[in-house]
file work.csv (CSV, C-alpha atoms)
chain,number,residue,atom,x,y,z
J,4,MET,CA,21.6,185.7,111.8
J,5,THR,CA,25.2,186.9,112.1
J,6,ASP,CA,27.9,186.4,109.5
J,7,ARG,CA,29.5,183.8,111.7
J,8,ASN,CA,26.4,181.7,111.8
J,9,ILE,CA,25.9,182.0,108.1
J,10,HIS,CA,29.5,180.9,107.5
J,11,GLU,CA,29.1,177.8,109.8
J,12,ASP,CA,25.8,176.7,108.2
J,13,ARG,CA,27.2,177.1,104.6
J,14,GLY,CA,27.5,173.8,102.8
J,15,ARG,CA,25.3,171.9,105.2
J,16,ILE,CA,22.2,170.0,103.9
J,17,GLN,CA,19.2,169.8,106.2
J,18,VAL,CA,17.0,166.8,105.6
J,19,SER,CA,13.5,166.9,106.9
J,20,GLY,CA,11.1,164.1,107.6
J,21,PHE,CA,13.5,161.8,109.4
J,22,ASP,CA,13.0,163.2,112.9
J,23,SER,CA,13.1,160.3,115.3
J,24,ASP,CA,10.2,161.6,117.4
J,25,ARG,CA,8.0,162.0,114.3
J,26,VAL,CA,8.9,158.5,113.1
J,27,ARG,CA,8.3,157.0,116.5
J,28,ASN,CA,4.9,158.7,116.9
J,29,ARG,CA,3.6,158.4,113.4
J,30,ASP,CA,0.3,156.8,112.5
J,31,GLN,CA,0.4,153.1,112.0
J,32,ILE,CA,0.2,152.4,108.3
J,33,SER,CA,0.4,148.7,108.2
J,34,ASP,CA,-0.8,145.7,110.2
J,35,TRP,CA,2.6,144.0,110.0
J,36,THR,CA,3.0,144.6,113.8
J,37,ASP,CA,0.6,143.3,116.3
J,38,GLU,CA,-0.2,146.0,118.8
J,39,SER,CA,-0.9,143.6,121.7
J,40,SER,CA,2.2,141.5,121.3
J,41,GLY,CA,4.5,143.6,119.3
J,42,GLU,CA,5.3,140.7,117.0
J,43,THR,CA,5.6,140.9,113.2
J,44,VAL,CA,2.6,139.3,111.4
J,45,GLY,CA,3.5,137.9,108.0
J,46,ARG,CA,1.3,137.8,104.9
J,47,TRP,CA,0.3,134.2,105.3
J,48,ARG,CA,-0.7,134.6,108.9
J,49,ARG,CA,-2.7,137.8,108.1
J,50,GLY,CA,-4.3,136.0,105.2
J,51,PHE,CA,-5.3,133.0,107.4
J,52,ARG,CA,-6.9,135.4,109.9
J,53,LYS,CA,-8.8,137.1,107.1
J,54,PHE,CA,-9.9,133.8,105.6
J,55,LYS,CA,-11.3,132.7,109.0
J,56,ARG,CA,-13.5,135.8,109.1
J,57,ASN,CA,-15.0,134.9,105.7
J,58,ARG,CA,-18.2,133.0,106.7
J,59,SER,CA,-19.1,131.8,103.2
J,60,ALA,CA,-15.5,130.4,102.6
J,61,MET,CA,-15.4,128.8,106.1
J,62,GLY,CA,-18.9,127.2,105.5
J,63,ALA,CA,-17.7,125.8,102.1
J,64,LEU,CA,-14.6,124.5,103.8
J,65,VAL,CA,-16.7,122.6,106.3
J,66,ILE,CA,-18.8,121.1,103.5
J,67,VAL,CA,-15.7,119.9,101.6
J,68,ALA,CA,-14.2,118.5,104.8
J,69,VAL,CA,-17.4,116.6,105.6
J,70,MET,CA,-17.7,115.2,102.1
J,71,ALA,CA,-14.0,114.1,102.1
J,72,LEU,CA,-14.3,112.5,105.5
J,73,ALA,CA,-17.6,110.8,104.6
J,74,SER,CA,-16.0,109.4,101.5
J,75,PHE,CA,-12.9,108.2,103.4
J,76,PHE,CA,-14.9,106.5,106.1
J,77,ALA,CA,-17.5,105.1,103.7
J,78,ARG,CA,-16.0,101.7,103.5
J,79,PRO,CA,-12.9,100.0,105.1
J,80,VAL,CA,-9.6,100.8,103.4
J,81,GLU,CA,-7.0,98.1,103.0
J,82,MET,CA,-3.4,98.7,102.0
J,83,PHE,CA,-0.9,95.9,101.3
J,84,GLY,CA,-3.2,93.4,103.1
J,85,VAL,CA,-3.5,95.6,106.2
J,86,VAL,CA,-6.8,97.4,107.1
J,87,VAL,CA,-5.9,101.0,107.8
J,88,GLN,CA,-9.4,102.3,108.0
J,89,PRO,CA,-11.9,99.8,109.6
J,90,PHE,CA,-15.0,102.1,109.7
J,91,SER,CA,-18.0,101.8,107.3
J,92,LEU,CA,-20.5,104.7,107.0
J,93,ALA,CA,-22.1,103.1,103.9
J,94,PRO,CA,-24.5,100.4,104.9
J,95,TYR,CA,-23.8,98.3,101.8
J,96,ASP,CA,-21.0,97.6,99.4
J,97,PRO,CA,-21.4,99.8,96.4
J,98,THR,CA,-21.4,96.8,94.0
J,99,THR,CA,-23.9,94.7,96.0
J,100,ILE,CA,-27.1,94.0,94.2
J,101,LEU,CA,-29.7,94.1,96.9
J,102,TYR,CA,-32.4,91.8,95.6
J,103,LEU,CA,-29.8,89.0,95.2
J,104,GLY,CA,-29.6,87.9,98.8
J,105,VAL,CA,-29.8,91.1,100.9
J,106,ASP,CA,-33.4,92.1,100.4
J,107,SER,CA,-35.6,90.2,97.9
J,108,SER,CA,-38.3,92.8,98.1
J,109,VAL,CA,-36.1,95.4,96.4
J,110,ASN,CA,-36.8,96.3,92.8
J,111,VAL,CA,-34.8,98.4,90.4
J,112,TYR,CA,-35.3,102.1,90.7
J,113,ASP,CA,-37.1,101.8,94.0
J,114,PRO,CA,-37.8,105.4,95.4
J,115,PRO,CA,-36.1,106.8,98.5
J,116,SER,CA,-37.3,105.2,101.8
J,117,TRP,CA,-36.2,104.9,105.4
J,118,GLN,CA,-34.1,101.9,104.6
J,119,TYR,CA,-32.7,103.2,101.4
J,120,PRO,CA,-32.6,107.0,101.9
J,121,MET,CA,-31.5,107.8,98.3
J,122,GLY,CA,-33.3,105.0,96.6
J,123,VAL,CA,-32.1,102.2,94.4
J,124,ASP,CA,-30.4,102.4,91.0
J,125,GLY,CA,-31.2,100.5,87.8
J,126,SER,CA,-29.1,97.5,88.9
J,127,GLY,CA,-30.6,97.2,92.3
J,128,ARG,CA,-27.8,98.9,94.2
J,129,ASP,CA,-28.1,101.3,97.1
J,130,LEU,CA,-27.5,104.8,95.9
J,131,PHE,CA,-26.6,106.2,99.3
J,132,SER,CA,-23.7,103.7,99.6
J,133,ARG,CA,-22.6,104.4,96.0
J,134,LEU,CA,-22.7,108.1,96.5
J,135,LEU,CA,-20.4,108.0,99.6
J,136,VAL,CA,-17.9,105.6,98.0
J,137,GLY,CA,-18.0,107.5,94.7
J,138,GLY,CA,-16.6,110.6,96.4
J,139,ARG,CA,-13.3,108.7,96.8
J,140,TYR,CA,-12.8,108.6,93.1
J,141,SER,CA,-14.0,112.2,92.2
J,142,LEU,CA,-12.4,114.0,95.1
J,143,SER,CA,-9.1,112.1,95.2
J,144,ILE,CA,-8.6,112.5,91.4
J,145,GLY,CA,-9.2,116.2,91.8
J,146,PHE,CA,-6.7,116.7,94.6
J,147,ILE,CA,-4.0,114.5,93.1
J,148,VAL,CA,-4.2,116.1,89.6
J,149,VAL,CA,-4.1,119.6,91.1
J,150,GLY,CA,-1.2,118.7,93.3
J,151,LEU,CA,0.8,117.3,90.4
J,152,THR,CA,0.0,120.0,87.9
J,153,ALA,CA,0.5,122.9,90.3
J,154,SER,CA,3.9,121.6,91.5
J,155,PHE,CA,5.2,121.1,87.9
J,156,GLY,CA,3.7,124.4,86.8
J,157,LEU,CA,5.5,126.2,89.7
J,158,ILE,CA,8.8,124.8,88.6
J,159,TYR,CA,8.2,125.3,84.9
J,160,GLY,CA,7.0,128.9,85.3
J,161,SER,CA,9.8,129.8,87.7
J,162,ILE,CA,12.5,128.6,85.3
J,163,SER,CA,10.9,130.3,82.3
J,164,GLY,CA,10.4,133.7,84.0
J,165,TYR,CA,13.8,133.7,85.8
J,166,TYR,CA,16.0,133.0,82.9
J,167,GLY,CA,14.0,134.8,80.2
J,168,GLY,CA,15.4,135.3,76.7
J,169,ASN,CA,15.4,132.3,74.4
J,170,VAL,CA,14.6,129.9,77.3
J,171,ASP,CA,11.5,131.8,78.1
J,172,GLU,CA,10.5,132.1,74.5
J,173,LEU,CA,10.8,128.4,73.9
J,174,MET,CA,9.0,127.4,77.1
J,175,MET,CA,6.1,129.7,76.5
J,176,ARG,CA,5.7,128.6,72.9
J,177,ILE,CA,5.2,125.1,74.3
J,178,VAL,CA,2.5,126.5,76.6
J,179,ASP,CA,0.9,128.3,73.7
J,180,THR,CA,0.7,125.0,71.7
J,181,ILE,CA,-1.0,123.3,74.6
J,182,PHE,CA,-3.5,126.2,74.9
J,183,ALA,CA,-4.4,125.8,71.2
J,184,PHE,CA,-6.4,122.7,72.2
J,185,PRO,CA,-9.3,122.6,74.8
J,186,GLY,CA,-8.2,120.8,77.9
J,187,LEU,CA,-11.1,118.4,78.0
J,188,ILE,CA,-10.4,117.4,74.4
J,189,LEU,CA,-6.8,116.6,75.2
J,190,ALA,CA,-8.0,114.5,78.2
J,191,LEU,CA,-10.5,112.7,76.0
J,192,ILE,CA,-7.8,111.8,73.5
J,193,ILE,CA,-5.5,110.4,76.1
J,194,VAL,CA,-8.3,108.3,77.7
J,195,ALA,CA,-9.3,107.1,74.2
J,196,ILE,CA,-5.8,106.0,73.6
J,197,LEU,CA,-5.0,104.5,77.0
J,198,GLY,CA,-8.4,103.4,78.0
J,199,GLY,CA,-10.5,104.2,81.1
J,200,GLY,CA,-9.3,103.8,84.6
J,201,TYR,CA,-8.3,105.7,87.7
J,202,TRP,CA,-4.7,106.4,86.9
J,203,GLN,CA,-5.5,106.9,83.3
J,204,LEU,CA,-7.8,109.8,84.3
J,205,VAL,CA,-5.1,111.2,86.6
J,206,LEU,CA,-2.6,111.1,83.7
J,207,ALA,CA,-5.2,112.6,81.2
J,208,PHE,CA,-5.8,115.7,83.3
J,209,SER,CA,-2.2,116.0,84.5
J,210,LEU,CA,-0.2,115.6,81.3
J,211,PHE,CA,-1.2,119.1,80.0
J,212,GLY,CA,-3.0,120.6,82.9
J,213,TRP,CA,0.1,122.3,84.2
J,214,ALA,CA,0.2,124.9,81.4
J,215,GLY,CA,-2.1,127.4,83.1
J,216,TYR,CA,-0.1,127.3,86.3
J,217,GLY,CA,3.2,127.7,84.4
J,218,ARG,CA,2.0,130.8,82.6
J,219,LEU,CA,0.6,132.3,85.8
J,220,VAL,CA,3.8,131.7,87.8
J,221,ARG,CA,6.0,133.0,84.9
J,222,GLY,CA,4.2,136.3,85.0
J,223,GLU,CA,4.7,136.6,88.8
J,224,VAL,CA,8.4,135.7,88.5
J,225,LEU,CA,8.9,138.4,85.9
J,226,LYS,CA,7.8,140.9,88.5
J,227,ILE,CA,9.4,139.4,91.6
J,228,LYS,CA,12.9,138.9,90.1
J,229,GLU,CA,13.3,142.7,89.8
J,230,ASN,CA,12.9,143.2,93.6
J,231,GLU,CA,15.8,144.3,95.7
J,232,TYR,CA,16.1,141.2,97.8
J,233,VAL,CA,16.5,139.1,94.6
J,234,LEU,CA,19.2,141.4,93.3
J,235,ALA,CA,20.9,141.3,96.7
J,236,ALA,CA,20.9,137.5,96.7
J,237,LYS,CA,22.5,137.5,93.3
J,238,ALA,CA,25.1,140.0,94.4
J,239,LEU,CA,26.0,137.9,97.3
J,240,GLY,CA,26.8,135.0,95.0
J,241,ALA,CA,23.7,132.8,95.5
J,242,ARG,CA,23.2,130.1,92.9
J,243,ASP,CA,20.3,130.4,90.5
J,244,ARG,CA,18.6,127.3,92.0
J,245,SER,CA,18.7,128.9,95.4
J,246,VAL,CA,17.5,132.3,94.2
J,247,VAL,CA,14.6,130.6,92.3
J,248,PHE,CA,13.4,128.2,94.9
J,249,ARG,CA,14.2,130.1,98.0
J,250,HIS,CA,13.5,133.7,97.1
J,251,ILE,CA,11.3,133.8,94.0
J,252,ALA,CA,9.0,130.7,94.0
J,253,PRO,CA,7.7,131.1,97.5
J,254,ASN,CA,6.6,134.7,96.8
J,255,ALA,CA,4.8,133.5,93.6
J,256,MET,CA,2.7,131.0,95.6
J,257,PRO,CA,-0.4,133.1,96.6
J,258,PRO,CA,-1.9,133.4,93.0
J,259,LEU,CA,-0.9,129.8,92.4
J,260,ILE,CA,-2.9,128.6,95.5
J,261,VAL,CA,-5.9,130.6,94.4
J,262,LEU,CA,-5.9,129.0,90.9
J,263,ALA,CA,-5.3,125.5,92.3
J,264,SER,CA,-8.3,125.8,94.7
J,265,LEU,CA,-10.5,126.8,91.7
J,266,ARG,CA,-9.0,124.1,89.4
J,267,ILE,CA,-10.0,121.2,91.8
J,268,GLY,CA,-13.6,121.8,91.0
J,269,SER,CA,-12.8,122.0,87.3
J,270,VAL,CA,-11.0,118.6,87.4
J,271,VAL,CA,-14.0,117.0,89.2
J,272,ILE,CA,-16.3,118.3,86.5
J,273,GLY,CA,-14.0,117.0,83.8
J,274,VAL,CA,-13.8,113.6,85.3
J,275,ALA,CA,-17.6,113.5,85.7
J,276,ALA,CA,-18.0,114.6,82.0
J,277,LEU,CA,-15.8,111.7,80.8
J,278,GLY,CA,-17.6,109.3,83.1
J,279,PHE,CA,-21.0,110.6,81.7
J,280,LEU,CA,-19.7,110.0,78.1
J,281,GLY,CA,-18.7,106.4,79.1
J,282,LEU,CA,-14.9,107.1,78.8
J,283,GLY,CA,-14.1,107.3,82.5
J,284,LEU,CA,-14.0,104.5,85.0
J,285,ASP,CA,-15.5,101.0,84.7
J,286,PRO,CA,-19.3,101.2,84.2
J,287,SER,CA,-19.8,99.4,87.5
J,288,SER,CA,-17.7,102.0,89.4
J,289,ALA,CA,-19.4,104.4,91.8
J,290,GLU,CA,-17.8,107.5,90.4
J,291,TRP,CA,-20.4,110.3,90.2
J,292,GLY,CA,-20.2,110.9,86.5
J,293,THR,CA,-20.3,107.2,85.7
J,294,MET,CA,-23.4,107.0,87.9
J,295,LEU,CA,-25.1,109.7,85.8
J,296,ASN,CA,-24.1,107.8,82.6
J,297,ALA,CA,-25.8,104.6,83.9
J,298,THR,CA,-29.1,106.4,84.4
J,299,ARG,CA,-29.3,108.9,81.6
J,300,SER,CA,-31.6,106.6,79.6
J,301,THR,CA,-34.2,107.1,82.3
J,302,LEU,CA,-34.5,110.8,81.5
J,303,ILE,CA,-36.5,110.0,78.4
J,304,GLN,CA,-39.7,108.1,79.0
J,305,GLY,CA,-42.7,107.3,76.9
J,306,PRO,CA,-46.3,108.3,77.6
J,307,GLY,CA,-47.2,107.4,81.2
J,308,GLY,CA,-43.6,106.7,82.1
J,309,GLN,CA,-42.1,107.8,85.4
J,310,ILE,CA,-38.7,109.3,85.7
J,311,PRO,CA,-36.7,108.0,88.7
J,312,TRP,CA,-35.3,111.4,89.5
J,313,TRP,CA,-33.3,110.2,92.5
J,314,ALA,CA,-31.0,108.2,90.3
J,315,THR,CA,-29.7,111.4,88.6
J,316,VAL,CA,-30.5,114.2,91.1
J,317,TYR,CA,-28.3,112.9,94.0
J,318,PRO,CA,-25.1,112.3,92.0
J,319,GLY,CA,-25.6,115.6,90.2
J,320,ALA,CA,-26.2,117.4,93.5
J,321,ALA,CA,-23.0,115.9,94.9
J,322,ILE,CA,-21.0,117.3,92.0
J,323,PHE,CA,-22.7,120.7,92.2
J,324,ILE,CA,-22.2,121.0,96.0
J,325,PHE,CA,-18.5,120.1,95.9
J,326,VAL,CA,-17.6,122.3,92.9
J,327,MET,CA,-19.6,125.2,94.3
J,328,SER,CA,-17.9,124.8,97.7
J,329,MET,CA,-14.4,124.7,96.1
J,330,ASN,CA,-15.2,127.9,94.1
J,331,MET,CA,-16.3,129.7,97.3
J,332,ILE,CA,-13.1,128.5,99.0
J,333,GLY,CA,-11.0,129.8,96.1
J,334,ASP,CA,-12.8,133.2,96.3
J,335,GLY,CA,-12.1,133.3,100.0
J,336,ILE,CA,-8.4,132.5,99.5
J,337,ASN,CA,-8.2,135.1,96.8
J,338,ASP,CA,-9.6,137.8,99.1
J,339,ALA,CA,-7.4,136.7,101.9
J,340,LEU,CA,-4.1,136.7,100.0
J,341,ASP,CA,-4.7,139.5,97.5
J,342,ALA,CA,-2.4,142.4,98.3
J,343,GLN,CA,-5.0,145.0,97.8
J,344,GLN,CA,-7.6,143.2,99.8
J,345,THR,CA,-5.2,142.5,102.7
J,346,GLY,CA,-3.9,146.0,102.5
J,347,VAL,CA,-4.4,148.2,105.6
J,348,GLY,CA,-6.9,150.9,106.2
J,349,ARG,CA,-6.5,153.9,108.4
J,350,GLY,CA,-5.1,153.3,111.8
J,351,GLY,CA,-3.6,149.9,110.7
J,352,GLU,CA,-7.0,148.1,110.6
J,353,ASP,CA,-7.5,145.7,107.7

call {"tool": "encode", "arguments": {"input": "work.csv", "output": "structure tokens"}}
result
Amino acid sequence: MTDRNIHEDRGRIQVSGFDSDRVRNRDQISDWTDESSGETVGRWRRGFRKFKRNRSAMGALVIVAVMALASFFARPVEMFGVVVQPFSLAPYDPTTILYLGVDSSVNVYDPPSWQYPMGVDGSGRDLFSRLLVGGRYSLSIGFIVVGLTASFGLIYGSISGYYGGNVDELMMRIVDTIFAFPGLILALIIVAILGGGYWQLVLAFSLFGWAGYGRLVRGEVLKIKENEYVLAAKALGARDRSVVFRHIAPNAMPPLIVLASLRIGSVVIGVAALGFLGLGLDPSSAEWGTMLNATRSTLIQGPGGQIPWWATVYPGAAIFIFVMSMNMIGDGINDALDAQQTGVGRGGED
């Protein structure tokens, strides 16, 4: 190299690794771009595709959907004097006593038969009809409670994590106070004060049920608010409300959705537990836990006595199947939305 070349290259910095050809021809390291269409595939869309490939989660989703539809179409639904759902899968009204006018040959605790596939309960009512209608109470309370608590927990945790400092300290101490008491005990106290009933149960499980969501979201927000796009939004003059609910909260949703899907089953078990203790809905209601409470005396029989297993097995199986299905759905959502699980392997294949 001549002195002239050395003089011309002096003071120049050569940066390697940014050659356009190398960048263009590099190995694909993510699945954000669809090779066939060239479109960008977001996290939610990739997660949905991965969830669909999870056979156990999809099977559980089908079971939950069938149970929800069967409950909805069990008996006609009337709102404000207008029938919005005229179908009836349940052959009898859940409160109808069969031996009083419908079928005089029916006795209490008749075993399952072709006419009554799940048998008859201790009051002479068709268990199959009661099981279908009972899903309306258990499933609807579970979804309503989780919807309310997850929404409030998202707002609460976002505000706490975003502002930090004394605001975060005060809000988290409130959460710690709630966690000092078992959730079912708090629900039991509320029901004992307000009495049993549908909306009383919703309030009992919603009033303090948001605490877990709030703490989870707060931890996610503490991480997300340090990202560059959040700092850029602040630098551009975006209001705190816009930064929280437009840039931070949506990115804290994946773990919240996973927890919510798992909590639905927990709420259904809690409602059934209060019903089994006689603190839930009215004793004549077809809620699954209340049905178990009405027949628990039959589990203890004297010498030569016969236990009517169908009166407890079918409501208990309905609770088990629904809760197990919701747990499988939650696991599937967790695998689909988890950043490590949805990460990409060699060659851009997930």

call {"tool": "residues_around", "arguments": {"input": "work.csv", "residues": "stretch 98-114 of chain J", "least_positions_apart": "6", "cutoff": "6 Å", "atoms": "only C-alpha atoms", "output": "list in words"}}
result
Gly122, Val123, Asp124, Gly125, Ser126, Gly127 and Arg128 of chain J

call {"tool": "closest_residue", "arguments": {"input": "work.csv", "among": "J:Ile260, J:Met327, J:Ile196, J:Leu204", "to": "J:Ser141", "atoms": "all atoms listed in the file"}}
result
J:Leu204

call {"tool": "atom_distance", "arguments": {"input": "work.csv", "atom1": "atom CA of J:Thr315", "atom2": "atom CA of J:Pro185"}}
result
27.1 Å

call {"tool": "atom_distance", "arguments": {"input": "work.csv", "atom1": "atom CA of J:Arg78", "atom2": "atom CA of J:Arg266"}}
result
27.4 Å

call {"tool": "residues_near_point", "arguments": {"input": "work.csv", "point": "(-24.7, 108.6, 91.3)", "cutoff": "7 Å", "atoms": "all atoms listed in the file", "output": "list in words"}}
result
Leu130, Arg133, Leu134, Ala289, Trp291, Gly292, Met294, Leu295, Ala314, Thr315, Tyr317 and Pro318 of chain J

call {"tool": "residues_around", "arguments": {"input": "work.csv", "residues": "J:Leu282", "least_positions_apart": "5", "cutoff": "10 Å", "atoms": "all atoms listed in the file", "output": "NGL selection string"}}
result
:J and (191 or 194-195 or 198-200 or 204 or 274-277 or 293 or 296)

call {"tool": "residues_around", "arguments": {"input": "work.csv", "residues": "stretch 177-184 of chain J", "least_positions_apart": "5", "cutoff": "7 Å", "atoms": "only C-alpha atoms", "output": "CSV table (one decimal) with C-alpha atoms, in the coordinates of the input"}}
result
chain,number,residue,atom,x,y,z
J,189,LEU,CA,-6.8,116.6,75.2
J,211,PHE,CA,-1.2,119.1,80.0
J,214,ALA,CA,0.2,124.9,81.4

call {"tool": "atom_distance", "arguments": {"input": "work.csv", "atom1": "atom CA of J:Gly319", "atom2": "atom CA of J:Ala297"}}
result
12.7 Å

call {"tool": "closest_residue", "arguments": {"input": "work.csv", "among": "J:Val270, J:Val233, J:Ala320, J:Leu219", "to": "J:Ala207", "atoms": "all atoms listed in the file"}}
result
J:Val270

call {"tool": "residues_around", "arguments": {"input": "work.csv", "residues": "J:Gly156", "least_positions_apart": "3", "cutoff": "7 Å", "atoms": "all atoms listed in the file", "output": "PyMOL selection string"}}
result
chain J and resi 152-153+159-160+213-214+216-217

call {"tool": "residues_around", "arguments": {"input": "work.csv", "residues": "stretch 60-74 of chain J", "least_positions_apart": "6", "cutoff": "10 Å", "atoms": "only C-alpha atoms", "output": "compact mmCIF listing (two decimals) with C-alpha atoms, in the frame of the given file"}}
result
# COMPACT_ATOMS: atom_id res chain seq x y z
CA PHE J 54 -9.90 133.80 105.60
CA SER J 91 -18.00 101.80 107.30
CA LEU J 92 -20.50 104.70 107.00
CA ALA J 93 -22.10 103.10 103.90
CA SER J 132 -23.70 103.70 99.60
CA ARG J 133 -22.60 104.40 96.00
CA LEU J 134 -22.70 108.10 96.50
CA LEU J 135 -20.40 108.00 99.60
CA VAL J 136 -17.90 105.60 98.00
CA GLY J 137 -18.00 107.50 94.70
CA GLY J 138 -16.60 110.60 96.40
CA ARG J 139 -13.30 108.70 96.80
CA TYR J 140 -12.80 108.60 93.10
CA SER J 141 -14.00 112.20 92.20
CA LEU J 142 -12.40 114.00 95.10
CA SER J 143 -9.10 112.10 95.20
CA ALA J 321 -23.00 115.90 94.90
CA ILE J 324 -22.20 121.00 96.00
CA PHE J 325 -18.50 120.10 95.90
CA VAL J 326 -17.60 122.30 92.90
CA MET J 327 -19.60 125.20 94.30
CA SER J 328 -17.90 124.80 97.70
CA MET J 329 -14.40 124.70 96.10
CA ASN J 330 -15.20 127.90 94.10
CA MET J 331 -16.30 129.70 97.30
CA ILE J 332 -13.10 128.50 99.00
CA GLY J 333 -11.00 129.80 96.10
CA ASP J 334 -12.80 133.20 96.30
CA GLY J 335 -12.10 133.30 100.00
CA ILE J 336 -8.40 132.50 99.50

call {"tool": "closest_residue", "arguments": {"input": "work.csv", "among": "J:Phe279, J:Ser269, J:Tyr95, J:Glu229", "to": "J:Ala77", "atoms": "only C-alpha atoms"}}
result
J:Tyr95

call {"tool": "closest_residue", "arguments": {"input": "work.csv", "among": "J:Gly283, J:Gly268, J:Gly186, J:Pro253", "to": "J:Gln203", "atoms": "all atoms listed in the file"}}
result
J:Gly283

call {"tool": "closest_residue", "arguments": {"input": "work.csv", "among": "J:Val80, J:Val85, J:Thr298, J:Glu290", "to": "J:Pro97", "atoms": "only C-alpha atoms"}}
result
J:Glu290

call {"tool": "closest_residue", "arguments": {"input": "work.csv", "among": "J:Gly150, J:Met82, J:Asn254, J:Gly273", "to": "J:Glu223", "atoms": "all atoms listed in the file"}}
result
J:Asn254
